[in-house]
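See below for final02.csv, which holds CSV, C-alpha atoms.
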```
chain,number,residue,atom,x,y,z
A,184,MET,CA,20.0,30.2,36.6
A,185,GLY,CA,19.6,27.5,33.9
A,186,TRP,CA,21.8,27.6,30.8
A,187,THR,CA,18.7,28.0,28.5
A,188,ARG,CA,17.6,31.0,30.5
A,189,LYS,CA,21.1,32.6,30.2
A,190,VAL,CA,21.1,32.0,26.4
A,191,SER,CA,17.6,33.2,25.8
A,192,ASN,CA,18.2,36.3,28.0
A,193,ARG,CA,21.3,37.1,25.9
A,194,ILE,CA,19.5,36.7,22.6
A,195,ALA,CA,16.5,38.7,23.9
A,196,LYS,CA,18.7,41.6,24.9
A,197,ARG,CA,20.1,41.8,21.3
A,198,LEU,CA,16.7,41.5,19.7
A,199,THR,CA,14.8,44.0,21.9
A,200,MET,CA,14.7,47.4,20.2
A,201,GLU,CA,13.8,50.8,21.6
A,202,GLY,CA,10.1,51.5,21.4
A,203,SER,CA,9.2,47.8,21.1
A,204,PRO,CA,5.8,46.8,22.5
A,205,TYR,CA,7.3,43.7,24.1
A,206,THR,CA,9.6,43.5,27.1
A,207,ALA,CA,12.9,41.7,27.1
A,208,GLY,CA,11.4,39.2,29.6
A,209,GLN,CA,8.5,38.3,27.2
A,210,ILE,CA,10.9,37.8,24.3
A,211,SER,CA,13.3,35.8,26.4
A,212,HIS,CA,10.5,33.6,27.7
A,213,GLY,CA,9.3,32.9,24.2
A,214,ILE,CA,12.9,32.2,23.0
A,215,GLU,CA,13.5,29.7,25.9
A,216,ILE,CA,10.3,27.8,25.1
A,217,PHE,CA,11.2,27.7,21.4
A,218,LEU,CA,14.8,26.7,22.2
A,219,LEU,CA,13.8,23.9,24.6
A,220,ASN,CA,11.4,22.4,22.1
A,221,LEU,CA,13.9,22.6,19.3
A,222,ILE,CA,16.7,20.9,21.3
A,223,ASN,CA,14.4,18.2,22.7
A,224,ALA,CA,13.1,17.5,19.2
A,225,ALA,CA,16.5,17.4,17.6
A,226,VAL,CA,18.0,15.1,20.3
A,227,LEU,CA,15.0,12.9,20.3
A,228,LEU,CA,14.9,12.4,16.5
A,229,LEU,CA,18.7,11.7,16.4
A,230,ALA,CA,18.5,9.2,19.2
A,231,ALA,CA,15.5,7.5,17.6
A,232,TRP,CA,17.3,7.3,14.3
A,233,LEU,CA,20.4,5.8,16.0
A,234,LEU,CA,18.2,3.2,17.8
A,235,GLY,CA,16.3,2.3,14.7
A,236,ILE,CA,13.0,3.4,16.0
A,237,PHE,CA,12.6,6.6,14.1
A,238,PRO,CA,9.1,6.3,12.5
A,239,GLU,CA,7.6,4.8,15.7
A,240,THR,CA,9.1,7.5,17.9
A,241,LEU,CA,8.1,10.3,15.6
A,242,CYS,CA,4.4,9.2,15.5
A,243,PHE,CA,4.4,8.6,19.2
A,244,ALA,CA,6.0,12.0,20.0
A,245,LEU,CA,3.7,13.9,17.7
A,246,ILE,CA,0.6,12.5,19.2
A,247,LEU,CA,1.8,12.9,22.7
A,248,PHE,CA,2.8,16.5,22.0
A,249,LEU,CA,-0.5,17.3,20.4
A,250,HIS,CA,-2.4,16.2,23.5
A,251,ARG,CA,0.2,17.8,25.9
A,252,VAL,CA,0.0,21.2,24.2
A,253,ILE,CA,-3.7,21.3,25.2
A,254,THR,CA,-3.7,19.6,28.6
A,255,GLY,CA,-0.2,20.3,30.0
A,256,GLY,CA,1.1,18.0,32.6
A,257,VAL,CA,3.9,17.2,35.0
A,258,HIS,CA,7.0,19.4,34.6
A,259,LEU,CA,10.6,19.2,35.9
A,260,LYS,CA,12.6,22.1,37.4
A,261,ASN,CA,15.7,21.6,35.4
A,262,PRO,CA,16.1,21.7,31.5
A,263,TRP,CA,18.6,18.8,31.6
A,264,THR,CA,16.4,16.4,33.6
A,265,CYS,CA,13.6,17.5,31.3
A,266,LEU,CA,15.6,16.5,28.3
A,267,ILE,CA,16.5,13.2,29.8
A,268,ALA,CA,13.0,12.4,31.0
A,269,GLY,CA,11.5,13.5,27.7
A,270,LEU,CA,13.9,11.3,25.8
A,271,LEU,CA,13.3,8.3,28.0
A,272,ILE,CA,9.5,8.6,27.7
A,273,MET,CA,9.4,9.2,24.0
A,274,LEU,CA,12.1,6.6,23.1
A,275,GLY,CA,10.4,4.1,25.5
A,276,GLY,CA,7.1,4.7,23.8
A,277,GLY,CA,8.7,4.3,20.3
A,278,TYR,CA,10.4,1.0,21.4
A,279,LEU,CA,7.2,-0.3,22.9
A,280,VAL,CA,5.3,0.4,19.8
A,281,LYS,CA,7.9,-1.3,17.6
A,282,HIS,CA,7.9,-4.4,19.7
A,283,VAL,CA,4.3,-4.6,20.7
A,284,PRO,CA,2.9,-8.1,20.1
A,285,LEU,CA,0.1,-8.6,17.5
A,286,LEU,CA,-3.1,-9.2,19.6
A,287,PRO,CA,-6.3,-10.7,18.3
A,288,PRO,CA,-8.8,-7.9,17.3
A,289,ALA,CA,-11.0,-8.5,20.3
A,290,ALA,CA,-8.1,-8.1,22.7
A,291,ALA,CA,-6.9,-5.1,20.9
A,292,TYR,CA,-10.3,-3.4,21.0
A,293,ALA,CA,-10.5,-4.3,24.8
A,294,LEU,CA,-7.1,-2.8,25.4
A,295,ILE,CA,-7.9,0.4,23.5
A,296,LEU,CA,-11.2,0.9,25.3
A,297,LEU,CA,-9.6,0.2,28.7
A,298,ALA,CA,-6.8,2.7,28.0
A,299,PHE,CA,-9.1,5.4,26.7
A,300,GLY,CA,-11.5,4.8,29.6
A,301,THR,CA,-8.7,5.4,32.1
A,302,ALA,CA,-7.5,8.4,30.1
A,303,PHE,CA,-11.1,9.8,30.1
A,304,VAL,CA,-11.4,9.5,33.9
A,305,ILE,CA,-8.0,11.2,34.4
A,306,TYR,CA,-8.8,13.9,31.9
A,307,TYR,CA,-12.2,14.5,33.5
A,308,ARG,CA,-10.6,14.9,37.0
A,309,HIS,CA,-7.3,16.6,36.3
A,310,ALA,CA,-7.2,18.2,32.8
A,311,PRO,CA,-5.8,20.8,32.1
A,312,ALA,CA,-2.9,20.8,34.5
A,313,ALA,CA,-2.1,24.0,36.3
A,314,HIS,CA,0.8,26.1,35.2
A,315,SER,CA,3.8,26.2,37.6
A,316,TYR,CA,3.9,30.0,37.9
A,317,VAL,CA,0.5,31.5,36.8
A,318,ASN,CA,-3.2,30.8,37.2
A,319,TYR,CA,-5.2,30.2,34.0
A,320,GLN,CA,-8.6,32.1,33.6
A,321,PRO,CA,-11.6,29.8,34.1
A,322,SER,CA,-12.8,30.4,30.5
A,323,VAL,CA,-9.5,29.3,29.1
A,324,ARG,CA,-9.6,26.2,31.4
A,325,GLN,CA,-13.1,25.4,30.1
A,326,THR,CA,-12.1,25.8,26.4
A,327,SER,CA,-9.0,23.6,27.0
A,328,ARG,CA,-11.2,20.9,28.6
A,329,LYS,CA,-13.5,21.0,25.6
A,330,ILE,CA,-10.7,20.7,23.1
A,331,ALA,CA,-9.0,18.0,25.2
A,332,PHE,CA,-12.2,15.9,25.3
A,333,SER,CA,-12.8,16.4,21.6
A,334,LEU,CA,-9.2,15.2,20.9
A,335,LEU,CA,-9.7,12.2,23.2
A,336,GLY,CA,-12.9,11.2,21.4
A,337,CYS,CA,-11.3,11.5,18.0
A,338,ALA,CA,-8.3,9.6,19.2
A,339,CYS,CA,-10.4,6.8,20.6
A,340,PHE,CA,-12.5,6.6,17.4
A,341,LEU,CA,-9.4,6.6,15.2
A,342,SER,CA,-7.7,4.0,17.3
A,343,LEU,CA,-10.7,1.6,17.1
A,344,VAL,CA,-10.9,2.1,13.3
A,345,LEU,CA,-7.2,1.7,12.8
A,346,VAL,CA,-7.0,-1.7,14.5
A,347,GLU,CA,-8.1,-3.4,11.2
A,348,PHE,CA,-6.0,-1.2,8.9
A,349,SER,CA,-2.9,-0.2,10.8
A,350,TYR,CA,-2.6,-2.1,14.1
A,351,ARG,CA,0.7,-0.4,15.0
A,352,LEU,CA,-0.6,3.1,14.5
A,353,ALA,CA,-3.7,2.3,16.6
A,354,ILE,CA,-1.5,1.1,19.4
A,355,THR,CA,0.8,4.2,19.0
A,356,TYR,CA,-2.2,6.5,19.3
A,357,THR,CA,-3.6,4.6,22.3
A,358,LEU,CA,-0.3,4.4,24.1
A,359,ALA,CA,0.6,8.1,23.6
A,360,VAL,CA,-2.8,9.3,24.9
A,361,PHE,CA,-2.7,6.9,27.8
A,362,LEU,CA,0.8,8.0,28.8
A,363,GLN,CA,-0.2,11.7,28.5
A,364,SER,CA,-3.1,11.1,30.8
A,365,LEU,CA,-0.8,9.4,33.3
A,366,LEU,CA,1.4,12.5,33.2
A,367,LEU,CA,-1.6,14.5,34.3
A,368,HIS,CA,-2.3,12.4,37.4
A,369,PRO,CA,-1.3,13.9,40.8
A,370,VAL,CA,0.7,10.7,41.5
A,371,ALA,CA,3.0,11.6,38.6
A,372,PHE,CA,3.5,15.1,40.1
A,373,ARG,CA,4.4,13.6,43.5
A,374,LEU,CA,6.7,11.0,42.0
A,375,VAL,CA,8.6,13.7,40.0
A,376,ALA,CA,8.9,16.0,43.0
A,377,ARG,CA,10.3,13.1,45.1
A,378,LEU,CA,12.7,12.0,42.3
A,379,GLU,CA,13.9,15.6,41.9
A,380,LYS,CA,14.4,15.9,45.6
A,381,THR,CA,16.4,12.7,45.8
A,382,PHE,CA,18.6,13.6,42.8
A,383,SER,CA,19.2,17.1,44.1
A,384,LYS,CA,20.4,15.6,47.4
A,385,GLY,CA,22.6,13.1,45.6
A,386,TRP,CA,24.2,15.6,43.3
B,299,MET,CA,16.9,43.1,8.8
B,300,LYS,CA,14.9,45.3,11.1
B,301,LYS,CA,11.7,43.8,9.9
B,302,LEU,CA,13.0,40.3,10.5
B,303,VAL,CA,14.0,41.2,14.1
B,304,LYS,CA,10.5,42.8,14.6
B,305,LEU,CA,8.8,39.6,13.3
B,306,SER,CA,11.0,37.4,15.5
B,307,CYS,CA,10.2,39.5,18.5
B,308,GLY,CA,6.5,39.3,17.7
B,309,PHE,CA,6.7,35.5,17.3
B,310,PHE,CA,8.5,34.9,20.6
B,311,ALA,CA,6.3,37.3,22.5
B,312,SER,CA,3.2,35.6,21.1
B,313,LEU,CA,4.6,32.2,22.1
B,314,SER,CA,5.1,33.5,25.6
B,315,ALA,CA,1.7,35.1,25.8
B,316,LEU,CA,-0.1,31.9,24.5
B,317,ASN,CA,1.8,29.8,27.1
B,318,LEU,CA,1.0,32.1,30.0
B,319,ALA,CA,-2.7,32.3,29.0
B,320,GLY,CA,-2.9,28.5,29.0
B,321,ILE,CA,-3.9,28.3,25.3
B,322,LEU,CA,-0.8,26.4,24.2
B,323,LYS,CA,1.1,24.6,26.9
B,324,VAL,CA,4.2,24.3,24.9
B,325,GLY,CA,6.8,23.9,27.6
B,326,VAL,CA,7.3,20.2,27.0
B,327,PHE,CA,8.6,18.8,30.3
B,328,TYR,CA,10.1,22.0,31.7
B,329,GLU,CA,8.3,25.3,32.3
B,330,PRO,CA,10.5,28.4,32.0
B,331,LEU,CA,10.3,31.3,34.4
B,332,PRO,CA,7.6,33.8,33.3
B,333,PRO,CA,8.5,37.3,31.9
B,334,GLU,CA,7.7,39.3,35.1
B,335,GLN,CA,10.0,37.2,37.2
B,336,ARG,CA,12.7,37.4,34.5
B,337,ASP,CA,12.4,41.2,34.3
B,338,LYS,CA,12.7,41.4,38.1
B,339,LEU,CA,15.8,39.2,38.2
B,340,ALA,CA,17.5,41.1,35.3
```

Could you take the file, read its structure, and then write that structure out as structure tokens?
Amino acid sequence: MGWTRKVSNRIAKRLTMEGSPYTAGQISHGIEIFLLNLINAAVLLLAAWLLGIFPETLCFALILFLHRVITGGVHLKNPWTCLIAGLLIMLGGGYLVKHVPLLPPAAAYALILLAFGTAFVIYYRHAPAAHSYVNYQPSVRQTSRKIAFSLLGCACFLSLVLVEFSYRLAITYTLAVFLQSLLLHPVAFRLVARLEKTFSKGW
Amino acid sequence: MKKLVKLSCGFFASLSALNLAGILKVGVFYEPLPPEQRDKLA
């Protein structure tokens, strides 16, 4: 049992009252989700601040999170590896955004269109990602797809507009959406499964 | 205090329900075990 589950089970037991409409399992599940997001966000922001990439990482993480909440994506089996992978991805994104070279507008537009084109194809084929434990209702899947494509359209439009006004923000938006689409691709799922297998053997 | 506990329980249970329904996939890079399996293990 993971440490986050132990902690959330303990808190849920204390919170659950007699006659409550919710089970301890429901409350514990909600607490664990909340706890993981809180810890990930706190560690990420602290690390970003220490590395001097706070605003870039914050913007990158917020955009990626917004898209991820709707489409889901690859997941890890352990909260610690999840924390490390999340940190590496977000900090890497923030670092890339900070050090991205200034491209001529035509090249920037081409890059944005290429990234969003790829993201659109991946979203079309694989969004939203399946849950590890439960099956979503088809109506929910359809609604998620509609929201995901609306978000993608808005993100593409905003990125193209922002090239002239805030180049770095345009690249942040593009990179975050592109990365989230890659995390939806079956190759990412296979890669993560293989890595987890390798690490579990090694440890 | 009782009201606060009730509110917190409602918040966490809603978070869990939204996640399981697929409306908000809030489990960043790790998906916790769903309530039914937790209740079974407990």

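The protein and nucleic acid residues lying at most 12 Å from Lys300 in chain B are Arg197, Leu198, Thr199, Met200, Glu201 and Ser203 of chain A; Lys304, Leu305, Ser306 and Cys307 of chain B, with all atoms listed in the file considered and sequence neighbours fewer than 4 positions away removed.
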
### Task
Tell me, in Å to one decimal, how far CA of Leu367 in chain A is from CA of Thr187 in chain A.
25.1 Å

### Query
Leaving out range 280-291 of chain A and any residue of its chain fewer than 6 positions from it, which residues lie within 8 Å of it when counting all atoms listed in the file, given as a PyMOL selection string?
chain A and resi 236+239+346-347+350-351+354-355

Print the selection's residues with C-alpha atoms to a file, as a compact mmCIF listing (two decimals), in the frame of the given file.
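File written: again_30.txt
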```
# COMPACT_ATOMS: atom_id res chain seq x y z
CA ILE A 236 13.00 3.40 16.00
CA GLU A 239 7.60 4.80 15.70
CA VAL A 346 -7.00 -1.70 14.50
CA GLU A 347 -8.10 -3.40 11.20
CA TYR A 350 -2.60 -2.10 14.10
CA ARG A 351 0.70 -0.40 15.00
CA ILE A 354 -1.50 1.10 19.40
CA THR A 355 0.80 4.20 19.00
```

### Message
Tell me as an MDAnalysis selection string which residues belonging to chain A come within 8 Å of chain B, counting all atoms listed in the file.
### Response
chainID A and resid 188 198:199 205:217 219:220 248 251:262 265:266 268:269 314:317 319:320 323:324 327

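For the atom pair formed by CA of Leu274 in chain A and CA of Ala230 in chain A, the distance is 7.9 Å, given to one decimal.
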
#### Entry: Distance of CA of Ser364 in chain A from CA of Phe303 in chain A, expressed in Å to one decimal place
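Going from CA of Phe303 in chain A over to CA of Ser364 in chain A covers 8.1 Å.
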
### Query
So which residues touch range 297-301 of chain A within 12 Å, counting all atoms listed in the file, skipping near sequence neighbours fewer than 2 positions away, as a PyMOL selection string?
chain A and resi 290-295+303-308+332+334-343+353-365+367-368

I need chain B from the structure I supplied, saved as a PDB file, in the first residue's frame with C-alpha atoms retained.
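Resulting contents of part02.pdb:
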```pdb
ATOM      1  CA  MET B 299     -16.722  21.992  13.479  1.00  0.00           C
ATOM      2  CA  LYS B 300     -19.256  19.334  12.527  1.00  0.00           C
ATOM      3  CA  LYS B 301     -20.373  21.472   9.591  1.00  0.00           C
ATOM      4  CA  LEU B 302     -16.761  21.868   8.419  1.00  0.00           C
ATOM      5  CA  VAL B 303     -16.209  18.108   8.566  1.00  0.00           C
ATOM      6  CA  LYS B 304     -19.438  17.570   6.613  1.00  0.00           C
ATOM      7  CA  LEU B 305     -18.336  20.109   3.995  1.00  0.00           C
ATOM      8  CA  SER B 306     -14.884  18.537   3.662  1.00  0.00           C
ATOM      9  CA  CYS B 307     -16.427  15.074   3.282  1.00  0.00           C
ATOM     10  CA  GLY B 308     -18.732  16.401   0.554  1.00  0.00           C
ATOM     11  CA  PHE B 309     -15.807  18.058  -1.230  1.00  0.00           C
ATOM     12  CA  PHE B 310     -13.591  14.957  -1.185  1.00  0.00           C
ATOM     13  CA  ALA B 311     -16.451  12.631  -2.171  1.00  0.00           C
ATOM     14  CA  SER B 312     -17.356  14.953  -5.087  1.00  0.00           C
ATOM     15  CA  LEU B 313     -13.731  15.007  -6.214  1.00  0.00           C
ATOM     16  CA  SER B 314     -13.731  11.213  -6.175  1.00  0.00           C
ATOM     17  CA  ALA B 315     -17.059  10.981  -8.044  1.00  0.00           C
ATOM     18  CA  LEU B 316     -15.979  13.482 -10.729  1.00  0.00           C
ATOM     19  CA  ASN B 317     -12.744  11.566 -11.238  1.00  0.00           C
ATOM     20  CA  LEU B 318     -14.465   8.202 -11.535  1.00  0.00           C
ATOM     21  CA  ALA B 319     -17.121   9.567 -13.891  1.00  0.00           C
ATOM     22  CA  GLY B 320     -14.350  10.871 -16.143  1.00  0.00           C
ATOM     23  CA  ILE B 321     -15.499  14.499 -15.938  1.00  0.00           C
ATOM     24  CA  LEU B 322     -12.312  15.731 -14.261  1.00  0.00           C
ATOM     25  CA  LYS B 323      -9.237  13.546 -14.660  1.00  0.00           C
ATOM     26  CA  VAL B 324      -7.449  15.094 -11.723  1.00  0.00           C
ATOM     27  CA  GLY B 325      -5.058  12.298 -10.825  1.00  0.00           C
ATOM     28  CA  VAL B 326      -2.001  14.098 -12.348  1.00  0.00           C
ATOM     29  CA  PHE B 327       0.466  11.259 -13.152  1.00  0.00           C
ATOM     30  CA  TYR B 328      -0.809   8.710 -10.619  1.00  0.00           C
ATOM     31  CA  GLU B 329      -4.301   7.254 -10.400  1.00  0.00           C
ATOM     32  CA  PRO B 330      -5.345   6.253  -6.863  1.00  0.00           C
ATOM     33  CA  LEU B 331      -7.284   3.052  -6.217  1.00  0.00           C
ATOM     34  CA  PRO B 332     -11.079   3.637  -6.577  1.00  0.00           C
ATOM     35  CA  PRO B 333     -13.409   3.588  -3.502  1.00  0.00           C
ATOM     36  CA  GLU B 334     -14.885   0.082  -4.024  1.00  0.00           C
ATOM     37  CA  GLN B 335     -11.445  -1.539  -4.008  1.00  0.00           C
ATOM     38  CA  ARG B 336     -10.391   0.540  -0.995  1.00  0.00           C
ATOM     39  CA  ASP B 337     -13.489  -0.521   0.940  1.00  0.00           C
ATOM     40  CA  LYS B 338     -12.769  -4.159   0.059  1.00  0.00           C
ATOM     41  CA  LEU B 339      -9.153  -3.890   1.233  1.00  0.00           C
ATOM     42  CA  ALA B 340     -10.066  -2.059   4.460  1.00  0.00           C
TER      43      ALA B 340
END
```
